[in-house]
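K.L.:
Sharing a structure with you now.
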Amino acid sequence: MNLAFNYQTSPARIMFGPDGISKVSFAADELGCERLLVLSTKQQNKTATEIAETLGSLCAGVHASAVMHTPVSVTEDAVEVVTKLQVDGLLSIGGGSTIGLGKAIALRTDLPQIVIPTTYAGSEVTPILGQTENGNKTTLRSAKVLPEVVIYDPKMTYSLPKAMSITSGINAIAHAIEALYAQDKNPVSTMMAVDGATALIDALPRIAIDQHDAQAREKALYGSWLCGTVLGNVGMALHHKLCHTLGGMFDLPHAETHTVLLPHAVTYNEKQVPEALMPVANALNANSAGTGLFEFSQKLKAPTSLRELGMPEHGIDLAARQAMANPYWNPRELEHDAIRQLISNAYHGLSPYEYCI
Ligand code: NAD
């Protein structure tokens, strides 16, 4: 053994289990908050308002304006509401979009954040914030944006439709997979990544059958915590770079783009690091992680082509060139022709098994 690594734990408090709403007042008390602003998307306004009502005077208001990609203009409006209502803490109820709004407000105001996640994207446990302004998305890392308390309650995910549950879960698996071959991986991140991916691979097919399967929902949310944690702890590689590039260029939906690209990016890297990906192949009961993931998506009726997500065919060349610019560190060197082939395969929805890259 020749072990050498850096490992830093996150200072966030994680509260996992049933009756999540009843834990909000305890969390607020610990943080010294007396006037929380409840954040959500317009689509989850009803849920947010119902929860806000149970909080009584602890809730200063509900602001249901979160949208995808955290536009700066939306954040600036929300900061005005924060000032007007004399808010001293944030309660974000939702997925990555709502959590992104909470993080963006925290960046500007230093307000503490309590988060109740309702998807598997994992943003609640990362110090990462992506924001858009004038069509440009920029990403930053700051301890200021890491939520102080995360309350995981599996019941909060029951309403997430089956199709979104599958793609959101695969989005989480993508974090774990790239953590397995990260340049700065460590024994703890690897342990979390294997456990997180395995939990989701077991849970998602059961959720696809029954959206209210309590045990599967619990396991999937547990897996998403682990996957989100490694996303916050170690660097991501080719797969995340491709998702950010293609998502930004063609305004593609976040979780679905991860779902389509993952088998292809994994196949590309599997040549270089087959051993690192072995636990994923084993969990999928497949010969390789890449083809196993493709078949997993097919079985769960998840999208398998970029074409069906709305990417234009002429974008393949553009995307290949863009993916080569400012690349993230990756275990396998990036070769333009192979990356173009990868994007083209993903565009057409071909199995990575059929086309060797
Ligand atoms: P989302 O938050 O955009 O949610 C998608 C839709 O589903 C929204 O309309 C939302 O209201 C709805 N929804 C969410 N949970 C629901 C539930 N339980 N029941 C019914 N409807 C529900 O989707 P997402 O995939 O969680 O987040 C995507 C965004 O998060 C992207 O902008 C992405 O860049 C960001 N993200 C950031 C990080 C990070 O670390 N900074 C990590 C992952 C994702």
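All residue names refer to the structure tokens as shown: chains lettered A, B, ... in order, residues numbered from 1 in each chain, ligands numbered from 1 in order.
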Can I get the residues close to ligand 1 as a CSV table (one decimal) with all heavy atoms, in the first residue's frame, where close means within 6 Å and we count only C-alpha atoms and all ligand atoms?

P.N.:
chain,number,residue,atom,x,y,z
A,41,THR,N,-39.6,26.7,-6.3
A,41,THR,CA,-40.0,27.1,-7.7
A,41,THR,C,-41.5,27.4,-7.7
A,41,THR,O,-42.2,27.1,-6.7
A,41,THR,CB,-39.8,25.9,-8.6
A,41,THR,OG1,-40.6,24.8,-8.2
A,41,THR,CG2,-38.4,25.5,-8.7
A,43,GLN,N,-43.6,25.8,-9.4
A,43,GLN,CA,-44.3,24.5,-9.5
A,43,GLN,C,-44.4,23.9,-8.1
A,43,GLN,O,-45.3,23.1,-7.8
A,43,GLN,CB,-43.5,23.5,-10.3
A,43,GLN,CG,-43.4,23.9,-11.8
A,43,GLN,CD,-42.4,24.9,-12.2
A,43,GLN,OE1,-41.7,25.5,-11.3
A,43,GLN,NE2,-42.1,25.1,-13.5
A,44,GLN,N,-43.5,24.3,-7.2
A,44,GLN,CA,-43.6,23.7,-5.8
A,44,GLN,C,-44.1,24.7,-4.8
A,44,GLN,O,-44.0,24.5,-3.6
A,44,GLN,CB,-42.2,23.1,-5.4
A,44,GLN,CG,-41.9,21.8,-6.1
A,44,GLN,CD,-40.5,21.3,-5.8
A,44,GLN,OE1,-39.5,21.9,-6.3
A,44,GLN,NE2,-40.4,20.3,-5.0
A,68,MET,N,-34.4,27.3,-13.2
A,68,MET,CA,-33.2,26.6,-13.6
A,68,MET,C,-32.0,27.6,-13.9
A,68,MET,O,-32.3,28.7,-14.4
A,68,MET,CB,-33.5,25.8,-14.9
A,68,MET,CG,-32.4,24.8,-15.2
A,68,MET,SD,-32.8,23.2,-14.5
A,68,MET,CE,-32.9,22.2,-16.0
A,69,HIS,N,-30.8,27.2,-13.6
A,69,HIS,CA,-29.6,27.9,-13.9
A,69,HIS,C,-29.3,29.2,-13.1
A,69,HIS,O,-28.5,30.0,-13.4
A,69,HIS,CB,-29.5,28.2,-15.4
A,69,HIS,CG,-29.6,27.0,-16.3
A,69,HIS,ND1,-28.9,25.9,-16.0
A,69,HIS,CD2,-30.4,26.8,-17.4
A,69,HIS,CE1,-29.2,25.0,-16.9
A,69,HIS,NE2,-30.1,25.5,-17.8
A,94,GLY,N,-36.8,22.1,-2.4
A,94,GLY,CA,-36.8,21.8,-3.8
A,94,GLY,C,-35.6,21.1,-4.3
A,94,GLY,O,-34.8,20.5,-3.5
A,95,GLY,N,-35.4,21.1,-5.6
A,95,GLY,CA,-34.2,20.5,-6.2
A,95,GLY,C,-33.1,21.6,-6.4
A,95,GLY,O,-33.1,22.6,-5.8
A,96,GLY,N,-32.2,21.2,-7.3
A,96,GLY,CA,-31.0,22.1,-7.6
A,96,GLY,C,-31.3,23.5,-7.9
A,96,GLY,O,-30.6,24.4,-7.6
A,97,SER,N,-32.5,23.8,-8.6
A,97,SER,CA,-32.8,25.1,-8.9
A,97,SER,C,-33.1,26.0,-7.7
A,97,SER,O,-32.6,27.1,-7.6
A,97,SER,CB,-34.0,25.2,-9.9
A,97,SER,OG,-33.6,24.5,-11.1
A,98,THR,N,-33.9,25.5,-6.8
A,98,THR,CA,-34.3,26.2,-5.6
A,98,THR,C,-33.1,26.3,-4.7
A,98,THR,O,-32.8,27.4,-4.1
A,98,THR,CB,-35.5,25.5,-4.9
A,98,THR,OG1,-36.6,25.4,-5.8
A,98,THR,CG2,-35.8,26.2,-3.6
A,118,THR,N,-35.7,17.8,-2.6
A,118,THR,CA,-36.8,17.0,-3.1
A,118,THR,C,-36.4,16.3,-4.4
A,118,THR,O,-37.3,15.7,-5.1
A,118,THR,CB,-38.1,17.9,-3.4
A,118,THR,OG1,-37.7,18.9,-4.4
A,118,THR,CG2,-38.5,18.6,-2.1
A,119,THR,N,-35.2,16.4,-4.8
A,119,THR,CA,-34.7,15.6,-6.0
A,119,THR,C,-33.3,15.0,-5.5
A,119,THR,O,-32.9,15.1,-4.4
A,119,THR,CB,-34.4,16.5,-7.2
A,119,THR,OG1,-33.2,17.3,-7.0
A,119,THR,CG2,-35.5,17.4,-7.6
A,121,ALA,N,-30.3,15.6,-7.1
A,121,ALA,CA,-29.2,16.3,-7.8
A,121,ALA,C,-28.0,16.5,-6.9
A,121,ALA,O,-26.9,16.6,-7.4
A,121,ALA,CB,-29.7,17.6,-8.3
A,122,GLY,N,-28.2,16.7,-5.6
A,122,GLY,CA,-27.1,16.8,-4.6
A,122,GLY,C,-26.5,18.1,-4.3
A,122,GLY,O,-25.5,18.3,-3.6
A,123,SER,N,-27.0,19.2,-4.9
A,123,SER,CA,-26.5,20.5,-4.7
A,123,SER,C,-26.4,21.0,-3.2
A,123,SER,O,-25.5,21.7,-2.8
A,123,SER,CB,-27.3,21.5,-5.5
A,123,SER,OG,-26.9,22.8,-5.3
A,126,THR,N,-22.9,20.7,-1.6
A,126,THR,CA,-21.7,21.1,-2.2
A,126,THR,C,-21.5,22.6,-2.0
A,126,THR,O,-22.5,23.4,-1.8
A,126,THR,CB,-21.8,20.9,-3.8
A,126,THR,OG1,-22.5,21.9,-4.4
A,126,THR,CG2,-22.3,19.5,-4.1
A,128,ILE,N,-20.7,24.6,-4.2
A,128,ILE,CA,-20.6,25.0,-5.6
A,128,ILE,C,-21.9,25.8,-6.0
A,128,ILE,O,-23.0,25.3,-5.6
A,128,ILE,CB,-20.4,23.8,-6.6
A,128,ILE,CG1,-19.2,22.9,-6.1
A,128,ILE,CG2,-20.3,24.2,-8.0
A,128,ILE,CD1,-19.2,21.5,-6.8
A,129,LEU,N,-21.7,26.8,-6.8
A,129,LEU,CA,-22.9,27.6,-7.3
A,129,LEU,C,-22.6,28.0,-8.7
A,129,LEU,O,-21.6,28.5,-9.1
A,129,LEU,CB,-23.1,28.9,-6.4
A,129,LEU,CG,-24.1,29.9,-7.0
A,129,LEU,CD1,-25.5,29.3,-7.0
A,129,LEU,CD2,-24.0,31.2,-6.2
A,130,GLY,N,-23.6,27.6,-9.6
A,130,GLY,CA,-23.6,28.0,-11.0
A,130,GLY,C,-24.6,29.1,-11.1
A,130,GLY,O,-25.7,29.0,-10.6
A,156,MET,N,-40.5,13.6,1.1
A,156,MET,CA,-40.5,14.9,0.3
A,156,MET,C,-40.2,14.5,-1.2
A,156,MET,O,-40.3,15.4,-2.1
A,156,MET,CB,-39.5,15.9,0.8
A,156,MET,CG,-39.8,16.4,2.2
A,156,MET,SD,-41.3,17.4,2.2
A,156,MET,CE,-41.0,18.7,1.1
A,157,THR,N,-39.7,13.3,-1.5
A,157,THR,CA,-39.4,13.0,-2.9
A,157,THR,C,-40.5,12.1,-3.5
A,157,THR,O,-40.5,11.9,-4.7
A,157,THR,CB,-38.1,12.2,-2.9
A,157,THR,OG1,-38.3,10.9,-2.2
A,157,THR,CG2,-36.9,12.9,-2.4
A,159,SER,N,-43.4,12.9,-4.5
A,159,SER,CA,-44.1,13.6,-5.5
A,159,SER,C,-43.3,13.7,-6.8
A,159,SER,O,-43.8,14.2,-7.8
A,159,SER,CB,-44.6,14.9,-5.0
A,159,SER,OG,-43.5,15.6,-4.5
A,160,LEU,N,-42.0,13.5,-6.7
A,160,LEU,CA,-41.2,13.6,-7.9
A,160,LEU,C,-41.6,12.5,-8.9
A,160,LEU,O,-41.5,11.3,-8.6
A,160,LEU,CB,-39.7,13.4,-7.5
A,160,LEU,CG,-38.6,13.8,-8.6
A,160,LEU,CD1,-38.7,15.3,-8.9
A,160,LEU,CD2,-37.2,13.4,-8.1
A,168,SER,N,-33.0,12.1,-12.3
A,168,SER,CA,-32.3,12.7,-11.2
A,168,SER,C,-31.4,11.8,-10.5
A,168,SER,O,-30.3,12.1,-10.1
A,168,SER,CB,-33.4,13.3,-10.3
A,168,SER,OG,-32.8,14.1,-9.3
A,254,HIS,N,-31.1,19.5,-17.4
A,254,HIS,CA,-29.9,19.1,-16.7
A,254,HIS,C,-29.8,17.6,-16.4
A,254,HIS,O,-28.8,17.0,-16.9
A,254,HIS,CB,-29.9,19.9,-15.3
A,254,HIS,CG,-28.8,19.5,-14.4
A,254,HIS,ND1,-27.6,20.1,-14.5
A,254,HIS,CD2,-28.7,18.7,-13.4
A,254,HIS,CE1,-26.8,19.6,-13.6
A,254,HIS,NE2,-27.5,18.8,-12.9
A,255,ALA,N,-30.8,17.0,-15.7
A,255,ALA,CA,-30.7,15.6,-15.3
A,255,ALA,C,-30.7,14.7,-16.5
A,255,ALA,O,-30.0,13.7,-16.6
A,255,ALA,CB,-31.8,15.3,-14.3

K.L.:
Give me, as a count of residues only, the residues of segment 100-223 of chain A that a backbone DSSP run labels alpha helix (DSSP H).

P.N.:
62

K.L.:
Check the DSSP output for the backbone and give back, as a count of residues only, the residues of segment 43-278 of chain A in strand (DSSP E).

P.N.:
35

K.L.:
With segment 194-212 of chain A as the partner and 10 Å as the cut-off, tabulate the residues of segment 231-298 of chain A that qualify, each row holding the nearest pair of atoms and their distance in Å to one decimal, using only C-alpha atoms, sorted by chain and rising number, as JSON lines.

P.N.:
{"residue": "A:Ala276", "atom": "CA", "partner": "A:Val194", "partner_atom": "CA", "distance": 9.9}
{"residue": "A:Leu277", "atom": "CA", "partner": "A:Val194", "partner_atom": "CA", "distance": 9.4}
{"residue": "A:Met278", "atom": "CA", "partner": "A:Val194", "partner_atom": "CA", "distance": 9.9}
{"residue": "A:Pro279", "atom": "CA", "partner": "A:Val194", "partner_atom": "CA", "distance": 6.6}
{"residue": "A:Val280", "atom": "CA", "partner": "A:Ala197", "partner_atom": "CA", "distance": 7.1}
{"residue": "A:Ala281", "atom": "CA", "partner": "A:Thr198", "partner_atom": "CA", "distance": 10.0}
{"residue": "A:Asn282", "atom": "CA", "partner": "A:Thr198", "partner_atom": "CA", "distance": 9.1}
{"residue": "A:Ala283", "atom": "CA", "partner": "A:Thr198", "partner_atom": "CA", "distance": 5.7}
{"residue": "A:Leu284", "atom": "CA", "partner": "A:Ile201", "partner_atom": "CA", "distance": 6.9}
{"residue": "A:Leu293", "atom": "CA", "partner": "A:Ile201", "partner_atom": "CA", "distance": 9.4}
{"residue": "A:Phe296", "atom": "CA", "partner": "A:Ile201", "partner_atom": "CA", "distance": 8.5}
{"residue": "A:Ser297", "atom": "CA", "partner": "A:Pro205", "partner_atom": "CA", "distance": 9.8}

K.L.:
Let me see the file: selected residues, C-alpha atoms, as an mmCIF file, in the first residue's frame.

P.N.:
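result.cif written:
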data_model
loop_
_atom_site.group_PDB
_atom_site.id
_atom_site.type_symbol
_atom_site.label_atom_id
_atom_site.label_comp_id
_atom_site.auth_asym_id
_atom_site.auth_seq_id
_atom_site.Cartn_x
_atom_site.Cartn_y
_atom_site.Cartn_z
ATOM 1 C CA ALA A 276 -11.934 2.043 -10.720
ATOM 2 C CA LEU A 277 -15.260 1.435 -12.484
ATOM 3 C CA MET A 278 -15.530 -2.244 -11.580
ATOM 4 C CA PRO A 279 -17.800 -1.625 -8.522
ATOM 5 C CA VAL A 280 -20.314 0.118 -10.810
ATOM 6 C CA ALA A 281 -20.218 -2.705 -13.371
ATOM 7 C CA ASN A 282 -20.718 -5.177 -10.511
ATOM 8 C CA ALA A 283 -23.644 -3.234 -9.049
ATOM 9 C CA LEU A 284 -25.230 -3.199 -12.523
ATOM 10 C CA LEU A 293 -25.452 2.057 -17.623
ATOM 11 C CA PHE A 296 -29.998 0.413 -17.148
ATOM 12 C CA SER A 297 -31.360 3.596 -18.803
#

K.L.:
Identify which of the residues A:Glu124, A:Glu30, A:Asp77, A:Glu270 lies closest to Leu238 of chain A, counting only C-alpha atoms when measuring atom-to-atom distances.

P.N.:
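Closest candidate: A:Glu270.
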
K.L.:
Closest to Asn186 of chain A among A:Val266, A:Ile170, A:Val81, A:Ala4, using only C-alpha atoms?

P.N.:
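Ranking A:Val266, A:Ile170, A:Val81, A:Ala4 by distance to Asn186 of chain A, first place goes to A:Ala4.
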
K.L.:
Residues at most 10 Å from Val149 of chain A, counting only C-alpha atoms, excluding those fewer than 4 positions away in the same chain, as a list in words?

P.N.:
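Residues meeting the cut-off are Pro11, Ala12, Arg13, Ile14, Met15, Val24, Ala27, Ala28, Glu30, Leu31, Leu91, Pro112, Gln113, Ile114, Val115, Ile116, Glu124 and Val125 of chain A.
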
K.L.:
With N, CA and C atoms kept, could you save the residues just selected as a PDB file, in the first residue's frame?

P.N.:
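As a result, again.pdb now contains:
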ATOM      1  N   PRO A  11     -18.631  21.047   6.982  1.00  0.00           N
ATOM      2  CA  PRO A  11     -19.166  21.410   8.302  1.00  0.00           C
ATOM      3  C   PRO A  11     -20.701  21.338   8.391  1.00  0.00           C
ATOM      4  N   ALA A  12     -21.371  20.895   7.332  1.00  0.00           N
ATOM      5  CA  ALA A  12     -22.839  20.905   7.344  1.00  0.00           C
ATOM      6  C   ALA A  12     -23.408  19.843   8.281  1.00  0.00           C
ATOM      7  N   ARG A  13     -24.586  20.166   8.860  1.00  0.00           N
ATOM      8  CA  ARG A  13     -25.288  19.166   9.667  1.00  0.00           C
ATOM      9  C   ARG A  13     -26.285  18.437   8.766  1.00  0.00           C
ATOM     10  N   ILE A  14     -26.247  17.113   8.802  1.00  0.00           N
ATOM     11  CA  ILE A  14     -27.173  16.319   7.985  1.00  0.00           C
ATOM     12  C   ILE A  14     -28.172  15.652   8.926  1.00  0.00           C
ATOM     13  N   MET A  15     -29.465  15.871   8.670  1.00  0.00           N
ATOM     14  CA  MET A  15     -30.509  15.223   9.486  1.00  0.00           C
ATOM     15  C   MET A  15     -31.333  14.362   8.532  1.00  0.00           C
ATOM     16  N   VAL A  24     -37.383  21.478  11.349  1.00  0.00           N
ATOM     17  CA  VAL A  24     -36.983  22.815  10.885  1.00  0.00           C
ATOM     18  C   VAL A  24     -36.802  23.773  12.058  1.00  0.00           C
ATOM     19  N   ALA A  27     -33.570  23.173  13.821  1.00  0.00           N
ATOM     20  CA  ALA A  27     -32.435  23.643  13.016  1.00  0.00           C
ATOM     21  C   ALA A  27     -32.347  25.176  13.072  1.00  0.00           C
ATOM     22  N   ALA A  28     -33.508  25.831  12.951  1.00  0.00           N
ATOM     23  CA  ALA A  28     -33.524  27.301  12.978  1.00  0.00           C
ATOM     24  C   ALA A  28     -33.023  27.805  14.326  1.00  0.00           C
ATOM     25  N   GLU A  30     -30.989  26.336  16.409  1.00  0.00           N
ATOM     26  CA  GLU A  30     -29.530  26.143  16.497  1.00  0.00           C
ATOM     27  C   GLU A  30     -28.763  27.216  15.739  1.00  0.00           C
ATOM     28  N   LEU A  31     -29.373  27.668  14.622  1.00  0.00           N
ATOM     29  CA  LEU A  31     -28.703  28.677  13.788  1.00  0.00           C
ATOM     30  C   LEU A  31     -29.021  30.097  14.266  1.00  0.00           C
ATOM     31  N   LEU A  91     -34.967  28.913   4.026  1.00  0.00           N
ATOM     32  CA  LEU A  91     -35.376  27.503   4.004  1.00  0.00           C
ATOM     33  C   LEU A  91     -35.694  27.162   2.550  1.00  0.00           C
ATOM     34  N   PRO A 112     -27.758  32.157   6.862  1.00  0.00           N
ATOM     35  CA  PRO A 112     -27.670  30.693   6.970  1.00  0.00           C
ATOM     36  C   PRO A 112     -28.784  30.006   6.178  1.00  0.00           C
ATOM     37  N   GLN A 113     -28.478  28.807   5.691  1.00  0.00           N
ATOM     38  CA  GLN A 113     -29.446  28.075   4.868  1.00  0.00           C
ATOM     39  C   GLN A 113     -29.821  26.725   5.494  1.00  0.00           C
ATOM     40  N   ILE A 114     -31.121  26.461   5.509  1.00  0.00           N
ATOM     41  CA  ILE A 114     -31.631  25.123   5.831  1.00  0.00           C
ATOM     42  C   ILE A 114     -32.224  24.622   4.513  1.00  0.00           C
ATOM     43  N   VAL A 115     -31.930  23.377   4.159  1.00  0.00           N
ATOM     44  CA  VAL A 115     -32.421  22.858   2.878  1.00  0.00           C
ATOM     45  C   VAL A 115     -33.194  21.560   3.078  1.00  0.00           C
ATOM     46  N   ILE A 116     -34.328  21.473   2.410  1.00  0.00           N
ATOM     47  CA  ILE A 116     -35.055  20.193   2.345  1.00  0.00           C
ATOM     48  C   ILE A 116     -35.045  19.781   0.874  1.00  0.00           C
ATOM     49  N   GLU A 124     -27.334  20.405  -2.422  1.00  0.00           N
ATOM     50  CA  GLU A 124     -27.428  20.815  -1.013  1.00  0.00           C
ATOM     51  C   GLU A 124     -26.160  20.532  -0.200  1.00  0.00           C
ATOM     52  N   VAL A 125     -25.311  19.639  -0.667  1.00  0.00           N
ATOM     53  CA  VAL A 125     -24.104  19.308   0.103  1.00  0.00           C
ATOM     54  C   VAL A 125     -22.820  19.721  -0.620  1.00  0.00           C
TER      55      VAL A 125
END

K.L.:
Rank A:Ala289, A:Lys137, A:Phe16, A:Cys59 by their smallest atom-to-atom distance to Glu275 of chain A, using only C-alpha atoms, and report the top residue only.

P.N.:
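Using only C-alpha atoms, the shortest distance to Glu275 of chain A belongs to A:Ala289.
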
K.L.:
Between A:Ile93, A:Ala60, A:Val87, A:Leu334, which residue has the minimum interatomic distance to Asn269 of chain A, considering only C-alpha atoms?

P.N.:
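Among the listed residues, the smallest separation from Asn269 of chain A belongs to A:Leu334.
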